[in-house]
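Text of protein-v3.tsv (TSV, C-alpha atoms and all ligand atoms) as supplied:
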chain	number	residue	atom	x	y	z
O	50	MET	CA	85.38	75.03	87.81
O	51	HIS	CA	85.86	78.62	88.97
O	52	PRO	CA	86.54	79.86	92.50
O	53	VAL	CA	83.78	81.78	94.26
O	54	MET	CA	84.40	85.38	95.29
O	55	ALA	CA	82.09	87.28	97.62
O	56	ALA	CA	81.30	90.85	96.61
O	57	TYR	CA	83.63	93.60	97.77
O	58	ALA	CA	83.72	97.36	97.31
O	59	ARG	CA	87.38	98.33	97.25
O	60	HIS	CA	90.89	96.96	97.30
O	61	VAL	CA	93.65	98.66	99.27
O	62	LEU	CA	97.32	97.90	98.70
O	63	VAL	CA	100.11	98.90	101.07
O	64	CYS	CA	103.73	98.94	100.01
O	65	THR	CA	105.82	97.14	102.61
O	66	GLY	CA	109.03	97.51	100.61
O	67	GLN	CA	112.29	98.87	101.97
O	68	PHE	CA	112.84	101.69	99.47
O	69	CYS	CA	109.89	103.99	100.12
O	70	SER	CA	110.06	103.45	103.89
O	71	PRO	CA	113.42	101.94	104.90
O	72	ASP	CA	112.43	101.72	108.56
O	73	ARG	CA	109.65	99.22	107.80
O	74	ARG	CA	106.87	101.73	108.42
O	75	GLY	CA	104.94	100.16	105.53
O	76	ALA	CA	104.91	96.76	107.21
O	77	GLN	CA	103.85	98.34	110.50
O	78	LEU	CA	101.10	100.22	108.68
O	79	TYR	CA	99.86	97.07	106.99
O	80	SER	CA	99.63	95.29	110.33
O	81	LEU	CA	97.16	97.97	111.51
O	82	LEU	CA	94.71	97.43	108.66
O	83	PRO	CA	92.73	94.40	109.88
O	84	GLN	CA	91.69	96.09	113.12
O	85	LEU	CA	90.94	99.42	111.43
O	86	LEU	CA	88.80	97.67	108.82
O	87	GLN	CA	87.08	95.62	111.50
O	88	ASP	CA	86.31	98.75	113.54
O	89	ALA	CA	84.78	100.36	110.44
O	90	ASP	CA	82.75	97.22	109.65
O	91	LEU	CA	84.63	96.78	106.39
O	92	LEU	CA	85.99	93.26	106.81
O	93	PHE	CA	82.91	91.10	106.30
O	94	SER	CA	80.09	93.44	105.33
O	95	ALA	CA	78.62	93.76	101.83
O	96	ASN	CA	80.91	96.73	101.14
O	97	ARG	CA	83.97	94.96	102.48
O	98	VAL	CA	87.50	96.00	101.56
O	99	LYS	CA	90.10	93.53	100.40
O	100	ARG	CA	93.67	94.29	101.46
O	101	GLY	CA	97.06	93.29	100.27
O	102	GLU	CA	100.71	94.10	100.81
O	103	THR	CA	103.19	94.42	98.00
O	104	PRO	CA	106.99	94.63	97.96
O	105	CYS	CA	106.98	97.65	95.62
O	106	LEU	CA	104.52	99.93	93.84
O	107	GLY	CA	107.16	101.55	91.64
O	108	VAL	CA	107.31	104.85	93.53
O	109	CYS	CA	110.13	104.08	95.98
O	110	GLU	CA	110.13	107.40	97.87
O	111	SER	CA	107.93	109.33	100.25
O	112	GLY	CA	106.37	106.18	101.65
O	113	PRO	CA	104.68	104.35	102.91
O	114	ILE	CA	102.64	104.37	99.73
O	115	VAL	CA	99.00	103.23	99.82
O	116	VAL	CA	96.75	102.84	96.78
O	117	VAL	CA	92.99	102.32	96.69
O	118	TYR	CA	91.08	100.73	93.81
O	119	PRO	CA	88.79	100.95	91.89
O	120	GLU	CA	89.40	104.71	92.12
O	121	GLY	CA	93.16	104.36	91.59
O	122	VAL	CA	93.92	106.92	94.26
O	123	TRP	CA	97.51	107.00	95.49
O	124	TYR	CA	98.52	108.26	98.94
O	125	ALA	CA	102.09	109.11	100.06
O	126	ASN	CA	103.70	109.50	103.47
O	127	VAL	CA	100.91	107.51	105.10
O	128	THR	CA	101.13	107.53	108.89
O	129	PRO	CA	98.90	105.50	111.23
O	130	PRO	CA	96.59	108.51	111.84
O	131	LEU	CA	96.35	109.13	108.09
O	132	LEU	CA	95.60	105.45	107.45
O	133	GLU	CA	92.79	105.72	109.97
O	134	ARG	CA	91.41	108.72	108.06
O	135	ILE	CA	91.71	106.82	104.76
O	136	VAL	CA	89.76	103.91	106.23
O	137	HIS	CA	86.98	106.03	107.69
O	138	GLU	CA	86.74	108.81	105.10
O	139	HIS	CA	87.65	107.04	101.84
O	140	LEU	CA	87.00	103.33	102.33
O	141	LYS	CA	83.94	103.75	104.55
O	142	ALA	CA	82.38	107.05	103.46
O	143	GLY	CA	83.68	107.24	99.88
O	144	LYS	CA	85.32	110.65	100.34
O	145	VAL	CA	88.94	110.75	99.17
O	146	VAL	CA	91.44	112.36	101.59
O	147	ASP	CA	92.50	114.84	98.92
O	148	GLU	CA	95.36	116.55	100.75
O	149	ALA	CA	97.30	113.26	100.98
O	150	VAL	CA	96.81	112.21	97.33
O	151	PHE	CA	99.80	112.52	94.99
O	152	HIS	CA	98.45	110.63	91.96
O	153	ARG	CA	95.24	109.33	90.44
O	154	LEU	CA	94.74	106.56	87.91
O	155	GLY	CA	95.04	108.04	84.43
O	156	GLY	CA	96.16	111.42	85.75
O	157	GLU	CA	99.28	113.42	86.40
O	158	ASN	CA	101.17	113.65	89.66
O	159	LYS	CA	99.94	116.51	91.85
O	160	VAL	CA	103.51	117.46	92.81
O	201	LIG	S1	109.50	100.16	97.78
O	201	LIG	FE1	107.57	101.14	98.15
O	201	LIG	S2	107.08	101.91	96.17
O	201	LIG	FE2	108.92	100.84	95.80
Take the structure from the file and write it as structure tokens.
Ligand code: FES
Amino acid sequence: MHPVMAAYARHVLVCTGQFCSPDRRGAQLYSLLPQLLQDADLLFSANRVKRGETPCLGVCESGPIVVVYPEGVWYANVTPPLLERIVHEHLKAGKVVDEAVFHRLGGENKV
């Protein structure tokens, strides 16, 4: 028997580790996600976004780090206002917030 998974459009991961943001900004950022996703109608709709927190994404500087799949787009130095932009522009409208991206799946770092 297999579990049942409802369709979803994207998966967003937030690093809540202590190395990329020692002052726990990642954890604070992650706590904002449910309401932001709810406000954008991305929690239960057909194009819903799954979310997760992780203790490390292997970057360990310039955090909080946020990554969005399936695009494999990596954001650095994510603040609450930037997270709101990521939710509305990337997760909702499908337009990557290019100026905050430092890496893409299969590509080189922009820096
Ligand atoms: S602690 Fe955040 S990337 Fe390693």
Which residues are close to Arg100 in chain O, i.e. within 12 Å by all atoms listed in the file, leaving aside same-chain residues fewer than 3 positions away? Reply as a short mmCIF file (atom, residue, chain, number, x, y, z; two decimals) with C-alpha atoms, in the coordinates of the input.
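Below you can see part-v5.cif, which holds the result:
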data_model
loop_
_atom_site.label_atom_id
_atom_site.label_comp_id
_atom_site.auth_asym_id
_atom_site.auth_seq_id
_atom_site.Cartn_x
_atom_site.Cartn_y
_atom_site.Cartn_z
CA TYR O 57 83.63 93.60 97.77
CA ALA O 58 83.72 97.36 97.31
CA ARG O 59 87.38 98.33 97.25
CA HIS O 60 90.89 96.96 97.30
CA VAL O 61 93.65 98.66 99.27
CA LEU O 62 97.32 97.90 98.70
CA VAL O 63 100.11 98.90 101.07
CA CYS O 64 103.73 98.94 100.01
CA LEU O 78 101.10 100.22 108.68
CA TYR O 79 99.86 97.07 106.99
CA SER O 80 99.63 95.29 110.33
CA LEU O 81 97.16 97.97 111.51
CA LEU O 82 94.71 97.43 108.66
CA PRO O 83 92.73 94.40 109.88
CA GLN O 84 91.69 96.09 113.12
CA LEU O 85 90.94 99.42 111.43
CA LEU O 86 88.80 97.67 108.82
CA LEU O 91 84.63 96.78 106.39
CA LEU O 92 85.99 93.26 106.81
CA ARG O 97 83.97 94.96 102.48
CA THR O 103 103.19 94.42 98.00
CA VAL O 115 99.00 103.23 99.82
CA VAL O 116 96.75 102.84 96.78
CA VAL O 117 92.99 102.32 96.69
CA TYR O 118 91.08 100.73 93.81
CA VAL O 136 89.76 103.91 106.23
CA LEU O 140 87.00 103.33 102.33
#
Per-residue nearest contacts of chain O to ligand LIG 201 (chain O) (6 Å; all atoms listed in the file) as a tab-separated table:
residue	atom	partner	partner_atom	distance
O:Cys64	CA	O:LIG201	FE1	4.8
O:Gly66	CA	O:LIG201	S1	3.9
O:Gln67	CA	O:LIG201	S1	5.2
O:Phe68	CA	O:LIG201	S1	4.0
O:Cys69	CA	O:LIG201	FE1	4.2
O:Cys105	CA	O:LIG201	FE2	3.7
O:Leu106	CA	O:LIG201	S2	4.0
O:Gly107	CA	O:LIG201	S2	4.5
O:Val108	CA	O:LIG201	S2	4.0
O:Cys109	CA	O:LIG201	FE2	3.5
* Record the distance separating CA of Asp147 in chain O and CA of Phe93 in chain O, expressed in Å with one decimal. =>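 We find that CA of Asp147 in chain O and CA of Phe93 in chain O lie 26.6 Å from each other.
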* To do: Rounded to one decimal place, report the CA of Val146 in chain O-CA of Pro104 in chain O distance in Å.
  =>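 According to the coordinates, CA of Val146 in chain O and CA of Pro104 in chain O are separated by 23.9 Å.
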* **Proximity to Gln87 in chain O - best of O:Ala55, O:His139, O:Glu133, O:Lys144, only C-alpha atoms** =>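 Checking each of O:Ala55, O:His139, O:Glu133, O:Lys144 against Gln87 in chain O, counting only C-alpha atoms, the winner is O:Glu133.
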* Separation of CA of Thr128 in chain O from CA of Ala95 in chain O, in Å and rounded to one decimal ->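 A separation of 27.3 Å between them.
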* To do: Rank nothing, just name the residue among O:Arg134, O:Lys99, O:His152, O:Lys141 nearest to Gly121 in chain O, using all atoms listed in the file.
  =>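 Smallest separation from Gly121 in chain O among the options: O:His152.
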* **Option closest in space to Arg73 in chain O, from O:Glu148, O:Trp123, O:Gly112, O:Ala142 [counting all atoms listed in the file]** =>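 Between O:Glu148, O:Trp123, O:Gly112, O:Ala142, the residue approaching Arg73 in chain O most closely is O:Gly112.
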* **Residue nearest Ser70 in chain O - candidates O:Glu102, O:Glu138, O:Asp88, O:Glu110, atoms counted: only C-alpha atoms** =>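 Smallest distance to Ser70 in chain O is found for O:Glu110.
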Can you complete the atoms of range 67-81 of chain O to N, CA and C atoms and list them as an mmCIF file, in the frame of the given file?
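Written out: part_4.cif:
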data_model
loop_
_atom_site.group_PDB
_atom_site.id
_atom_site.type_symbol
_atom_site.label_atom_id
_atom_site.label_comp_id
_atom_site.auth_asym_id
_atom_site.auth_seq_id
_atom_site.Cartn_x
_atom_site.Cartn_y
_atom_site.Cartn_z
ATOM 1 N N GLN O 67 111.254 98.193 101.178
ATOM 2 C CA GLN O 67 112.290 98.870 101.970
ATOM 3 C C GLN O 67 112.760 100.180 101.333
ATOM 4 N N PHE O 68 112.330 100.480 100.122
ATOM 5 C CA PHE O 68 112.840 101.690 99.470
ATOM 6 C C PHE O 68 112.016 102.934 99.801
ATOM 7 N N CYS O 69 110.705 102.798 99.818
ATOM 8 C CA CYS O 69 109.890 103.990 100.120
ATOM 9 C C CYS O 69 109.803 104.247 101.618
ATOM 10 N N SER O 70 110.018 103.232 102.440
ATOM 11 C CA SER O 70 110.060 103.450 103.890
ATOM 12 C C SER O 70 111.071 102.464 104.494
ATOM 13 N N PRO O 71 112.351 102.843 104.480
ATOM 14 C CA PRO O 71 113.420 101.940 104.900
ATOM 15 C C PRO O 71 113.293 101.440 106.336
ATOM 16 N N ASP O 72 112.576 102.155 107.168
ATOM 17 C CA ASP O 72 112.430 101.720 108.560
ATOM 18 C C ASP O 72 111.233 100.818 108.790
ATOM 19 N N ARG O 73 110.741 100.198 107.733
ATOM 20 C CA ARG O 73 109.650 99.220 107.800
ATOM 21 C C ARG O 73 108.314 99.818 108.254
ATOM 22 N N ARG O 74 108.151 101.113 108.040
ATOM 23 C CA ARG O 74 106.870 101.730 108.420
ATOM 24 C C ARG O 74 105.723 101.154 107.597
ATOM 25 N N GLY O 75 105.996 100.741 106.353
ATOM 26 C CA GLY O 75 104.940 100.160 105.530
ATOM 27 C C GLY O 75 104.414 98.863 106.131
ATOM 28 N N ALA O 76 105.317 98.031 106.604
ATOM 29 C CA ALA O 76 104.910 96.760 107.210
ATOM 30 C C ALA O 76 104.125 97.019 108.496
ATOM 31 N N GLN O 77 104.574 98.004 109.264
ATOM 32 C CA GLN O 77 103.850 98.340 110.500
ATOM 33 C C GLN O 77 102.455 98.865 110.167
ATOM 34 N N LEU O 78 102.388 99.671 109.110
ATOM 35 C CA LEU O 78 101.100 100.220 108.680
ATOM 36 C C LEU O 78 100.154 99.086 108.267
ATOM 37 N N TYR O 79 100.683 98.162 107.476
ATOM 38 C CA TYR O 79 99.860 97.070 106.990
ATOM 39 C C TYR O 79 99.293 96.237 108.139
ATOM 40 N N SER O 80 100.090 96.092 109.189
ATOM 41 C CA SER O 80 99.630 95.290 110.330
ATOM 42 C C SER O 80 98.463 95.956 111.059
ATOM 43 N N LEU O 81 98.268 97.261 110.865
ATOM 44 C CA LEU O 81 97.160 97.970 111.510
ATOM 45 C C LEU O 81 95.840 97.792 110.764
#
